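Enquirer: See my_file-v1.pdb below, with PDB, C-alpha atoms.
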```pdb
ATOM      1  CA  MET A   1      80.247  86.273 170.573
ATOM      2  CA  ALA A   2      77.532  87.448 168.201
ATOM      3  CA  GLN A   3      77.773  88.206 164.528
ATOM      4  CA  VAL A   4      76.079  91.530 163.792
ATOM      5  CA  LYS A   5      75.151  92.639 160.289
ATOM      6  CA  VAL A   6      74.386  96.336 159.827
ATOM      7  CA  PHE A   7      72.707  97.514 156.627
ATOM      8  CA  VAL A   8      73.167 101.207 155.897
ATOM      9  CA  THR A   9      71.121 102.699 153.076
ATOM     10  CA  LEU A  10      70.628 106.180 151.716
ATOM     11  CA  LYS A  11      67.266 107.646 152.701
ATOM     12  CA  PRO A  12      64.684 106.868 150.008
ATOM     13  CA  THR A  13      64.029 110.511 149.168
ATOM     14  CA  LEU A  14      67.657 111.189 148.264
ATOM     15  CA  LEU A  15      69.137 110.720 144.809
ATOM     16  CA  ASP A  16      71.590 107.833 144.777
ATOM     17  CA  ALA A  17      74.066 108.925 142.108
ATOM     18  CA  GLN A  18      76.185 105.777 142.422
ATOM     19  CA  GLY A  19      73.100 103.615 142.035
ATOM     20  CA  ARG A  20      72.041 105.563 138.974
ATOM     21  CA  VAL A  21      75.435 104.958 137.372
ATOM     22  CA  VAL A  22      75.169 101.222 138.058
ATOM     23  CA  GLN A  23      71.628 101.159 136.673
ATOM     24  CA  ASN A  24      72.784 102.857 133.460
ATOM     25  CA  ALA A  25      75.725 100.474 133.165
ATOM     26  CA  LEU A  26      73.473  97.419 133.582
ATOM     27  CA  ASN A  27      70.970  98.782 131.058
ATOM     28  CA  SER A  28      73.832  99.416 128.603
ATOM     29  CA  LEU A  29      75.064  95.856 129.067
ATOM     30  CA  GLY A  30      71.676  94.575 127.911
ATOM     31  CA  TYR A  31      69.909  94.209 131.242
ATOM     32  CA  ALA A  32      66.944  96.369 130.309
ATOM     33  CA  GLU A  33      64.832  94.752 133.023
ATOM     34  CA  VAL A  34      66.735  96.557 135.747
ATOM     35  CA  GLY A  35      64.942  99.555 137.195
ATOM     36  CA  GLN A  36      65.998 101.652 140.137
ATOM     37  CA  VAL A  37      69.277 100.637 141.752
ATOM     38  CA  ARG A  38      70.338 101.853 145.185
ATOM     39  CA  ILE A  39      73.654 101.110 146.825
ATOM     40  CA  GLY A  40      74.301 100.864 150.518
ATOM     41  CA  LYS A  41      76.796  99.415 152.928
ATOM     42  CA  LEU A  42      76.876  96.060 154.653
ATOM     43  CA  ILE A  43      78.935  96.081 157.851
ATOM     44  CA  GLU A  44      79.646  92.722 159.484
ATOM     45  CA  MET A  45      80.993  92.837 163.023
ATOM     46  CA  GLU A  46      81.923  90.351 165.724
ATOM     47  CA  VAL A  47      80.561  91.704 169.005
ATOM     48  CA  SER A  48      80.932  90.133 172.421
ATOM     49  CA  GLY A  49      78.909  90.866 175.520
ATOM     50  CA  GLU A  50      75.556  90.208 177.082
ATOM     51  CA  PRO A  51      73.063  89.379 174.338
ATOM     52  CA  ALA A  52      70.488  91.759 175.798
ATOM     53  CA  GLN A  53      72.864  94.716 175.607
ATOM     54  CA  ILE A  54      74.311  94.148 172.166
ATOM     55  CA  GLY A  55      71.335  95.698 170.378
ATOM     56  CA  GLU A  56      71.516  98.917 172.335
ATOM     57  CA  ARG A  57      75.282  99.189 171.918
ATOM     58  CA  VAL A  58      75.083  98.541 168.184
ATOM     59  CA  ARG A  59      72.395 101.209 167.843
ATOM     60  CA  GLU A  60      74.756 103.661 169.543
ATOM     61  CA  MET A  61      77.589 102.681 167.216
ATOM     62  CA  CYS A  62      75.356 103.282 164.201
ATOM     63  CA  ASP A  63      74.281 106.705 165.413
ATOM     64  CA  LYS A  64      77.820 107.765 166.295
ATOM     65  CA  LEU A  65      79.943 106.289 163.555
ATOM     66  CA  LEU A  66      78.542 103.701 161.200
ATOM     67  CA  ALA A  67      75.723 105.696 159.616
ATOM     68  CA  ASN A  68      75.081 109.352 158.976
ATOM     69  CA  PRO A  69      71.574 109.810 160.405
ATOM     70  CA  VAL A  70      71.015 112.956 158.352
ATOM     71  CA  ILE A  71      71.103 111.133 155.030
ATOM     72  CA  GLU A  72      71.128 107.421 155.864
ATOM     73  CA  ASP A  73      68.858 104.827 157.417
ATOM     74  CA  TYR A  74      70.179 101.711 159.065
ATOM     75  CA  ARG A  75      68.925  98.428 160.375
ATOM     76  CA  PHE A  76      70.786  95.500 161.836
ATOM     77  CA  VAL A  77      70.409  91.837 162.674
ATOM     78  CA  ILE A  78      72.165  90.058 165.504
ATOM     79  CA  ASP A  79      73.001  86.406 165.110
ATOM     80  CA  GLU A  80      73.817  85.237 168.613
ATOM     81  CA  SER A  81      74.290  81.662 167.538
ATOM     82  CA  ALA A  82      77.342  82.567 165.483
ATOM     83  CA  GLU A  83      80.386  80.814 166.842
ATOM     84  CA  VAL A  84      82.728  83.408 165.490
ATOM     85  CA  GLY A  85      86.379  82.619 165.657
ATOM     86  CA  GLN A  86      85.903  79.383 167.540
TER      87      GLN A  86
ATOM     88  CA  MET B   1      58.617  93.404 139.479
ATOM     89  CA  ALA B   2      60.928  91.861 142.041
ATOM     90  CA  GLN B   3      63.137  93.544 144.587
ATOM     91  CA  VAL B   4      66.607  92.010 144.486
ATOM     92  CA  LYS B   5      69.168  92.546 147.223
ATOM     93  CA  VAL B   6      72.768  91.690 146.366
ATOM     94  CA  PHE B   7      75.344  91.402 149.158
ATOM     95  CA  VAL B   8      78.934  91.772 147.991
ATOM     96  CA  THR B   9      81.666  90.971 150.492
ATOM     97  CA  LEU B  10      85.422  90.746 150.322
ATOM     98  CA  LYS B  11      86.658  87.157 150.331
ATOM     99  CA  PRO B  12      87.347  86.028 153.913
ATOM    100  CA  THR B  13      91.048  85.446 153.326
ATOM    101  CA  LEU B  14      91.688  89.034 152.238
ATOM    102  CA  LEU B  15      92.577  91.864 154.599
ATOM    103  CA  ASP B  16      89.739  94.371 154.825
ATOM    104  CA  ALA B  17      91.592  97.617 155.475
ATOM    105  CA  GLN B  18      88.419  99.703 155.626
ATOM    106  CA  GLY B  19      86.929  97.299 158.144
ATOM    107  CA  ARG B  20      90.088  97.449 160.237
ATOM    108  CA  VAL B  21      89.862 101.239 160.355
ATOM    109  CA  VAL B  22      86.237 101.071 161.487
ATOM    110  CA  GLN B  23      87.117  98.477 164.115
ATOM    111  CA  ASN B  24      89.888 100.701 165.494
ATOM    112  CA  ALA B  25      87.563 103.707 165.505
ATOM    113  CA  LEU B  26      84.873 101.790 167.394
ATOM    114  CA  ASN B  27      87.404 100.474 169.907
ATOM    115  CA  SER B  28      88.719 104.026 170.400
ATOM    116  CA  LEU B  29      85.191 105.281 171.017
ATOM    117  CA  GLY B  30      84.858 102.837 173.893
ATOM    118  CA  TYR B  31      83.296  99.869 172.129
ATOM    119  CA  ALA B  32      85.943  97.397 173.211
ATOM    120  CA  GLU B  33      83.561  94.501 172.615
ATOM    121  CA  VAL B  34      83.840  94.890 168.858
ATOM    122  CA  GLY B  35      86.109  92.387 167.181
ATOM    123  CA  GLN B  36      86.665  91.888 163.497
ATOM    124  CA  VAL B  37      84.742  94.270 161.231
ATOM    125  CA  ARG B  38      84.300  93.659 157.524
ATOM    126  CA  ILE B  39      82.615  96.030 155.126
ATOM    127  CA  GLY B  40      80.769  95.084 151.982
ATOM    128  CA  LYS B  41      78.192  96.461 149.614
ATOM    129  CA  LEU B  42      74.445  96.129 149.603
ATOM    130  CA  ILE B  43      72.911  96.642 146.161
ATOM    131  CA  GLU B  44      69.120  96.915 145.959
ATOM    132  CA  MET B  45      67.605  96.639 142.485
ATOM    133  CA  GLU B  46      64.152  96.581 140.979
ATOM    134  CA  VAL B  47      64.132  93.842 138.345
ATOM    135  CA  SER B  48      61.240  92.891 136.083
ATOM    136  CA  GLY B  49      60.788  89.692 134.123
ATOM    137  CA  GLU B  50      59.862  86.076 134.560
ATOM    138  CA  PRO B  51      60.517  85.039 138.159
ATOM    139  CA  ALA B  52      62.303  81.887 137.076
ATOM    140  CA  GLN B  53      64.799  83.816 134.989
ATOM    141  CA  ILE B  54      65.616  86.629 137.393
ATOM    142  CA  GLY B  55      68.056  84.554 139.430
ATOM    143  CA  GLU B  56      70.123  83.562 136.426
ATOM    144  CA  ARG B  57      70.181  87.125 135.069
ATOM    145  CA  VAL B  58      71.180  88.573 138.436
ATOM    146  CA  ARG B  59      74.005  86.036 138.717
ATOM    147  CA  GLU B  60      75.244  87.211 135.319
ATOM    148  CA  MET B  61      75.074  90.853 136.414
ATOM    149  CA  CYS B  62      77.094  90.047 139.523
ATOM    150  CA  ASP B  63      79.781  88.230 137.563
ATOM    151  CA  LYS B  64      80.010  90.941 134.909
ATOM    152  CA  LEU B  65      79.623  94.163 136.841
ATOM    153  CA  LEU B  66      78.420  94.140 140.429
ATOM    154  CA  ALA B  67      81.177  92.075 142.035
ATOM    155  CA  ASN B  68      84.804  91.401 141.283
ATOM    156  CA  PRO B  69      84.951  87.603 141.402
ATOM    157  CA  VAL B  70      88.706  87.647 141.968
ATOM    158  CA  ILE B  71      88.459  89.288 145.373
ATOM    159  CA  GLU B  72      84.756  89.335 146.244
ATOM    160  CA  ASP B  73      81.979  86.886 147.052
ATOM    161  CA  TYR B  74      78.344  87.681 146.487
ATOM    162  CA  ARG B  75      74.960  86.331 147.342
ATOM    163  CA  PHE B  76      71.518  87.659 146.617
ATOM    164  CA  VAL B  77      67.908  87.324 147.635
ATOM    165  CA  ILE B  78      64.926  87.884 145.359
ATOM    166  CA  ASP B  79      61.719  89.169 146.875
ATOM    167  CA  GLU B  80      59.105  88.565 144.207
ATOM    168  CA  SER B  81      56.301  89.791 146.381
ATOM    169  CA  ALA B  82      57.680  93.321 146.352
ATOM    170  CA  GLU B  83      55.215  95.676 144.766
ATOM    171  CA  VAL B  84      57.888  98.102 143.761
ATOM    172  CA  GLY B  85      56.790 101.457 142.492
ATOM    173  CA  GLN B  86      53.115 100.623 142.580
TER     174      GLN B  86
END
```
Would you kindly transcribe this structure into structure tokens?
Expert:
Amino acid sequence: MAQVKVFVTLKPTLLDAQGRVVQNALNSLGYAEVGQVRIGKLIEMEVSGEPAQIGERVREMCDKLLANPVIEDYRFVIDESAEVGQ
Amino acid sequence: MAQVKVFVTLKPTLLDAQGRVVQNALNSLGYAEVGQVRIGKLIEMEVSGEPAQIGERVREMCDKLLANPVIEDYRFVIDESAEVGQ
């Protein structure tokens, strides 16, 4: 059982309205040192199977469901040493 | 200028309804190898200032605005080598 972390982020050329709101809120709270803020998703999954195949399967999952390839980029890390649920 | 990545996740004891929906969707699509799915936030920020102080300030931001400490955990990494916007 591997622990997979998928990071989904808006493509850099797109305006991140939610991030802009958070940036303004932080600046208003006195954190003037905060510049651009961008907000993405972190998806943590337990995945079983042959270690060599997990990467390919996770890439498929990202393309089909987890990310919108038109507006989002994704990357993922697979931690095969994770003893999930044991 | 440092690049700070904040990872906000629901506390492990809480039911992640959104993650459950994604898990069911993946299983329905034929990815039976996917077990528990949990969904969190990834917040990427450009932060300026003295390197030694950034960690403390970011912790404050998390407690005040970026995470809800009642139901969420957070952790963050600071990449001081990031030449953001240069």
Enquirer: Under the rule that all atoms listed in the file are counted, which of A:Gln23, A:Met61, A:Leu10, A:Ala52 is the nearest residue to Gly40 (chain A)?
Expert: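 Result for the nearest residue to Gly40 (chain A): A:Leu10.
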Enquirer: Find the residues in chain B near chain A: any atom within 10 Å counts, using all atoms listed in the file. Write them as a ChimeraX atom specification.
Expert: /B:1-9,19,22-23,25-26,29-49,54,57-58,60-61,64-66,84-85
Enquirer: So for region 66-85 of chain A, what box centre and size do we get, axis-aligned, 6 Å extra on each of the six sides, every listed atom, Å to one decimal, as lines of an AutoDock Vina configuration file?
Expert:
```
center_x = 77.6
center_y = 96.9
center_z = 161.8
size_x = 29.5
size_y = 44.1
size_z = 25.6
```
Enquirer: Report, in Å with one decimal, the straight-line distance from CA of Glu50 (chain B) to CA of Asp73 (chain B).
Expert: 25.4 Å
Enquirer: Could you check which of B:Pro51, B:Asn27, B:Tyr74, B:Arg59 is closest to Lys11 (chain B), using only C-alpha atoms?
Expert: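 With only C-alpha atoms as the atom set, the closest residue is B:Tyr74.
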Enquirer: Quote the spacing between CA of Gln53 (chain B) and CA of Pro12 (chain A) in Å to one decimal place.
Expert: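 Interatomic distance, CA of Gln53 (chain B) to CA of Pro12 (chain A): 27.5 Å.
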Enquirer: Which value, in Å to one decimal, gives the distance between CA of Glu72 (chain A) and CA of Thr13 (chain A)?
Expert: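 Atom-to-atom, CA of Glu72 (chain A) to CA of Thr13 (chain A), that is 10.2 Å.
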Enquirer: Under the rule that all atoms listed in the file are counted, which of A:Ser28, A:Arg20, A:Phe76, A:Leu15 is the nearest residue to Gly55 (chain A)?
Expert: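 The answer is A:Phe76, which sits nearest to Gly55 (chain A).
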